[in-house]
Amino acid sequence: MTTEEMIERYIYDVVRRLPADQRNDTGLELRSLVDDMLEERGDNEKTRQENAEDILRELGAPSALAGKYRGDKKYLIGPKYYEQYWFVLKIVLIAVTVGMVIAAIVQGVAWMIDAPAAAGTQYVGSAALGVGEAIGNTVLGLVQGFAWVTLIFALVERYSVKLDLKESSGSAWKPQDLKDRPIPSEKAVVKKGESVAGIVFTVAVIILFNLIPYLMGLWLTDGEGVMHSVPLFNLEALPAFLPVLNVCFALGILRETLRVAIGRHTLWLGIVTAVLNMIALGLSCAVFFDPGVWNQNLIDQAAAINTNFAGAAAQLNIFWEYFTKFFGCILIFAFVLDSAESLYKGIRYGRV
Amino acid sequence: MMETPEEIVSGLTQELRRGTIVMCVLSQLAEPQYGYSLVQRLCEAGMPTEAGTLYPLLRRLEKQGLLGSEWETGGAKPRKYYAITPMGKEVYKRLCAQWQEMERVIGHMTDGGEEK
């Protein structure tokens, strides 16, 4: 670590704890301060490196100096994470709202198709009940989304405050600590887009499984050209699996939220990602390797609707049997790949 | 563990200084100054203040509207200059009046050990 690197790392370590709109300006100002102080000591006997170390020690631990800039108040979610918090919260709330509205429309359409052409008043009553239920579900979903995102960020905040306290207590901090804290390169920054896509996708899947599972099916036309859906899953058995599945989905959202909150690949993030993935993998294997969750009669039911299916029923049955047996393997592959990638990037880019 | 009288005095003195540092800073910024020149001025005036304390303080005063700032990029190094705003002058004037009042009262109280 050269003297220049040490100074740059110090300043980075201070400003990364400040609200984003102050980072650049404060960084420049601190840089000119350190330069002024170095210049003033230019003609003493010490080397530039020693002088720089003295100066950084005088300025104090990065977390302590950042604390003075922030005026160190107690926060549930402080300025360091506030922007990421807003960002994730907005995505989750928008995804929940859009997903719920779509689910409500699908449920409404399905009900209108199924409902017998009942008498006027009863029809209106049921429709009103359906709309009320949809609004209730949406509010419940929004409250849950808000609560979970807030909880995750509050825990991240708590954890980082604890780390800061450990660093700035007493004279524990020394400039040489900066050796292990390189300024992250562009590559170490987590790609927000991927996490956003992950969160939106997961919210959609939660709504799909919980509210409108019959949409996940084979869509076929019968002899008269009418659309029918044959569900992929055993709709009678599925509710029993839902709690476990929902935990898996929640873990997925937790993982993506942590990625956005931390903002860069670190060893800690890699390990947490891998652990969350392994738990989710175990749970989802328990669900998808269970033959009971799948619709075992898929092909027979399809064949009953569409005659094209009837001809190839035997081969299709074998294919469907294999697919249900090995679907879990696809999940294993995806989870292991994601964990390995996170761990690799964590080791490669940041030991914090 | 008991604090020694020296430690107690040093702690209390620090608190006194903390209360007056804003006044000292405002008094020096009729003309624009950058952070480190202000550190040196305060030191020369007998009010040594660490840069790690002064820089965040300048930020805060700027945010409160007592100071204005401008980046001076013409020289060899870019520097951020701070100067007092009209609102800052108003606050400074009133602070000074408060200070004089306090000085008078405390002078009374400490002179002879009791208030007359």
# chains A, B, ... in the order shown; residues from 1 in each chain; ligands from 1
call {"tool": "closest_atom_pairs", "arguments": {"of": "chain B", "to": "chain A", "cutoff": "7 Å", "atoms": "only C-alpha atoms", "output": "CSV"}}
result
residue,atom,partner,partner_atom,distance
B:Tyr36,CA,A:Leu33,CA,6.2
B:Ala51,CA,A:Leu59,CA,6.8
B:Gly52,CA,A:Leu59,CA,4.8
B:Pro56,CA,A:Tyr69,CA,4.6
B:Lys77,CA,A:Ser32,CA,6.9
B:Arg79,CA,A:Ser32,CA,6.5
B:Lys80,CA,A:Glu29,CA,6.6
call {"tool": "closest_residue", "arguments": {"among": "A:Thr221, A:Ser342, A:Asn234, A:Asn246", "to": "Phe309 (chain A)", "atoms": "only C-alpha atoms"}}
result
A:Thr221
call {"tool": "residues_around", "arguments": {"residues": "Val91 (chain B)", "least_positions_apart": "5", "cutoff": "10 Å", "atoms": "only C-alpha atoms", "output": "ChimeraX atom specification"}}
result
/B:23,26,66,85-86,96-97
call {"tool": "select_by_dssp", "arguments": {"residues": "chain B", "states": "strand (DSSP E or B)", "output": "list in words"}}
result
Gln33, Tyr34, Leu67, Gly68, Ser69, Glu70, Trp71, Glu72, Arg79, Lys80, Tyr81, Tyr82, Ala83 and Ile84 of chain B
call {"tool": "write_last_selection", "arguments": {"atoms": "N, CA, C and O atoms", "output": "CSV table (one decimal), in the first residue's frame"}}
result
chain,number,residue,atom,x,y,z
B,33,GLN,N,-12.4,31.8,4.0
B,33,GLN,CA,-11.2,31.0,4.4
B,33,GLN,C,-11.5,29.6,4.0
B,33,GLN,O,-12.6,29.2,4.0
B,34,TYR,N,-10.4,28.9,3.7
B,34,TYR,CA,-10.6,27.4,3.5
B,34,TYR,C,-10.3,26.7,4.8
B,34,TYR,O,-9.7,27.3,5.7
B,67,LEU,N,-23.1,29.6,7.1
B,67,LEU,CA,-21.9,29.8,6.3
B,67,LEU,C,-22.3,29.5,4.8
B,67,LEU,O,-23.2,28.7,4.6
B,68,GLY,N,-21.6,30.2,3.9
B,68,GLY,CA,-21.8,29.9,2.5
B,68,GLY,C,-20.4,29.3,2.0
B,68,GLY,O,-19.4,29.6,2.7
B,69,SER,N,-20.4,28.6,0.9
B,69,SER,CA,-19.1,28.0,0.5
B,69,SER,C,-19.0,28.1,-1.0
B,69,SER,O,-20.0,28.2,-1.7
B,70,GLU,N,-17.7,28.1,-1.4
B,70,GLU,CA,-17.5,28.1,-2.9
B,70,GLU,C,-16.2,27.4,-3.1
B,70,GLU,O,-15.2,27.5,-2.4
B,71,TRP,N,-16.2,26.6,-4.2
B,71,TRP,CA,-14.9,25.9,-4.6
B,71,TRP,C,-14.0,26.8,-5.4
B,71,TRP,O,-14.5,27.4,-6.4
B,72,GLU,N,-12.8,26.9,-5.0
B,72,GLU,CA,-11.8,27.8,-5.7
B,72,GLU,C,-10.9,26.8,-6.4
B,72,GLU,O,-10.1,26.1,-5.8
B,79,ARG,N,-9.8,24.2,-3.6
B,79,ARG,CA,-10.1,24.4,-2.2
B,79,ARG,C,-11.5,24.9,-2.0
B,79,ARG,O,-12.0,25.7,-2.8
B,80,LYS,N,-12.1,24.5,-0.9
B,80,LYS,CA,-13.4,25.0,-0.6
B,80,LYS,C,-13.3,26.1,0.4
B,80,LYS,O,-12.8,25.9,1.5
B,81,TYR,N,-13.8,27.3,0.0
B,81,TYR,CA,-13.8,28.5,0.8
B,81,TYR,C,-15.1,28.7,1.5
B,81,TYR,O,-16.1,28.6,0.9
B,82,TYR,N,-15.0,29.0,2.8
B,82,TYR,CA,-16.3,29.3,3.5
B,82,TYR,C,-16.3,30.7,3.9
B,82,TYR,O,-15.2,31.3,4.3
B,83,ALA,N,-17.5,31.4,3.9
B,83,ALA,CA,-17.6,32.7,4.5
B,83,ALA,C,-19.0,32.8,5.1
B,83,ALA,O,-19.9,32.1,4.9
B,84,ILE,N,-19.1,33.8,6.0
B,84,ILE,CA,-20.3,34.0,6.8
B,84,ILE,C,-21.4,34.5,6.0
B,84,ILE,O,-21.1,35.4,5.1
call {"tool": "select_by_dssp", "arguments": {"residues": "region 40-226 of chain A", "states": "helix (DSSP H, G or I)", "output": "ChimeraX atom specification"}}
result
/A:40,48-59,62-70,79-114,120-168,175-180,186-188,192-211,213-215
call {"tool": "closest_residue", "arguments": {"among": "B:Met47, B:Gly35, B:Ala76, B:Ser27", "to": "Arg59 (chain B)", "atoms": "only C-alpha atoms"}}
result
B:Gly35
call {"tool": "closest_atom_pairs", "arguments": {"of": "region 203-284 of chain A", "to": "region 14-20 of chain A", "cutoff": "12 Å", "atoms": "only C-alpha atoms", "output": "Markdown table"}}
result
| residue | atom | partner | partner_atom | distance |
| --- | --- | --- | --- | --- |
| A:Ile262 | CA | A:Arg16 | CA | 11.1 |
| A:Gly263 | CA | A:Arg16 | CA | 10.9 |
| A:Arg264 | CA | A:Arg16 | CA | 11.6 |
call {"tool": "write_last_selection", "arguments": {"atoms": "N, CA and C atoms", "output": "PDB file, in the first residue's frame"}}
result
ATOM      1  N   ILE A 262     -25.899  -3.725   0.587  1.00  0.00           N
ATOM      2  CA  ILE A 262     -24.439  -3.697   0.755  1.00  0.00           C
ATOM      3  C   ILE A 262     -23.803  -3.020  -0.454  1.00  0.00           C
ATOM      4  N   GLY A 263     -24.364  -3.263  -1.630  1.00  0.00           N
ATOM      5  CA  GLY A 263     -23.946  -2.514  -2.815  1.00  0.00           C
ATOM      6  C   GLY A 263     -22.678  -2.999  -3.477  1.00  0.00           C
ATOM      7  N   ARG A 264     -21.918  -3.843  -2.803  1.00  0.00           N
ATOM      8  CA  ARG A 264     -20.686  -4.342  -3.425  1.00  0.00           C
ATOM      9  C   ARG A 264     -20.408  -5.741  -2.921  1.00  0.00           C
TER      10      ARG A 264
END
call {"tool": "residues_around", "arguments": {"residues": "region 322-339 of chain A", "least_positions_apart": "2", "cutoff": "7 Å", "atoms": "only C-alpha atoms", "output": "VMD selection string"}}
result
chain A and resid 273 to 274 277 281 285 288 to 289 294 318 to 320 341 to 343
call {"tool": "write_last_selection", "arguments": {"atoms": "N, CA and C atoms", "output": "PDB file, in the first residue's frame"}}
result
ATOM      1  N   THR A 273     -24.994 -15.041   1.283  1.00  0.00           N
ATOM      2  CA  THR A 273     -25.725 -15.489   0.092  1.00  0.00           C
ATOM      3  C   THR A 273     -25.713 -17.012  -0.007  1.00  0.00           C
ATOM      4  N   ALA A 274     -24.528 -17.594   0.179  1.00  0.00           N
ATOM      5  CA  ALA A 274     -24.412 -19.046   0.053  1.00  0.00           C
ATOM      6  C   ALA A 274     -25.269 -19.752   1.107  1.00  0.00           C
ATOM      7  N   ASN A 277     -28.916 -19.422   0.239  1.00  0.00           N
ATOM      8  CA  ASN A 277     -29.202 -20.275  -0.910  1.00  0.00           C
ATOM      9  C   ASN A 277     -29.336 -21.734  -0.507  1.00  0.00           C
ATOM     10  N   LEU A 281     -32.483 -23.944  -0.983  1.00  0.00           N
ATOM     11  CA  LEU A 281     -32.347 -25.122  -1.844  1.00  0.00           C
ATOM     12  C   LEU A 281     -32.907 -26.357  -1.137  1.00  0.00           C
ATOM     13  N   CYS A 285     -36.106 -28.348  -2.583  1.00  0.00           N
ATOM     14  CA  CYS A 285     -35.952 -29.750  -2.978  1.00  0.00           C
ATOM     15  C   CYS A 285     -37.008 -30.602  -2.291  1.00  0.00           C
ATOM     16  N   PHE A 288     -40.162 -29.929  -4.441  1.00  0.00           N
ATOM     17  CA  PHE A 288     -40.262 -30.303  -5.849  1.00  0.00           C
ATOM     18  C   PHE A 288     -39.818 -31.743  -6.129  1.00  0.00           C
ATOM     19  N   PHE A 289     -39.101 -32.370  -5.187  1.00  0.00           N
ATOM     20  CA  PHE A 289     -38.784 -33.795  -5.359  1.00  0.00           C
ATOM     21  C   PHE A 289     -39.915 -34.669  -4.837  1.00  0.00           C
ATOM     22  N   TRP A 294     -46.802 -32.478  -7.856  1.00  0.00           N
ATOM     23  CA  TRP A 294     -47.038 -32.393  -9.298  1.00  0.00           C
ATOM     24  C   TRP A 294     -48.380 -33.019  -9.656  1.00  0.00           C
ATOM     25  N   ILE A 318     -43.927 -40.316 -20.285  1.00  0.00           N
ATOM     26  CA  ILE A 318     -42.554 -40.597 -19.844  1.00  0.00           C
ATOM     27  C   ILE A 318     -41.789 -39.287 -19.660  1.00  0.00           C
ATOM     28  N   PHE A 319     -41.965 -38.392 -20.647  1.00  0.00           N
ATOM     29  CA  PHE A 319     -41.282 -37.101 -20.552  1.00  0.00           C
ATOM     30  C   PHE A 319     -41.707 -36.354 -19.280  1.00  0.00           C
ATOM     31  N   TRP A 320     -42.993 -36.327 -19.035  1.00  0.00           N
ATOM     32  CA  TRP A 320     -43.515 -35.603 -17.864  1.00  0.00           C
ATOM     33  C   TRP A 320     -42.990 -36.222 -16.573  1.00  0.00           C
ATOM     34  N   GLU A 341     -20.825 -18.106  -7.533  1.00  0.00           N
ATOM     35  CA  GLU A 341     -20.496 -16.808  -8.122  1.00  0.00           C
ATOM     36  C   GLU A 341     -20.345 -15.750  -7.027  1.00  0.00           C
ATOM     37  N   SER A 342     -21.293 -15.730  -6.067  1.00  0.00           N
ATOM     38  CA  SER A 342     -21.230 -14.740  -4.992  1.00  0.00           C
ATOM     39  C   SER A 342     -19.994 -14.931  -4.128  1.00  0.00           C
ATOM     40  N   LEU A 343     -19.707 -16.195  -3.813  1.00  0.00           N
ATOM     41  CA  LEU A 343     -18.543 -16.473  -2.977  1.00  0.00           C
ATOM     42  C   LEU A 343     -17.267 -16.066  -3.698  1.00  0.00           C
TER      43      LEU A 343
END
call {"tool": "residues_around", "arguments": {"residues": "Arg18 (chain B)", "least_positions_apart": "2", "cutoff": "12 Å", "atoms": "only C-alpha atoms", "output": "list in words"}}
result
Gly11, Leu12, Thr13, Gln14, Glu15, Leu16, Thr20, Ile21, Val22, Met23, Cys24, Val25, Met47, Pro48, Thr49, Glu50, Thr53, Leu54 and Leu57 of chain B
call {"tool": "residues_around", "arguments": {"residues": "Glu224 (chain A)", "least_positions_apart": "2", "cutoff": "12 Å", "atoms": "only C-alpha atoms", "output": "number ranges by chain"}}
result
A: 220-222, 226-228, 305-307
call {"tool": "closest_residue", "arguments": {"among": "B:Met87, B:Cys43, B:Leu95, B:Ile106", "to": "Glu62 (chain B)", "atoms": "only C-alpha atoms"}}
result
B:Met87
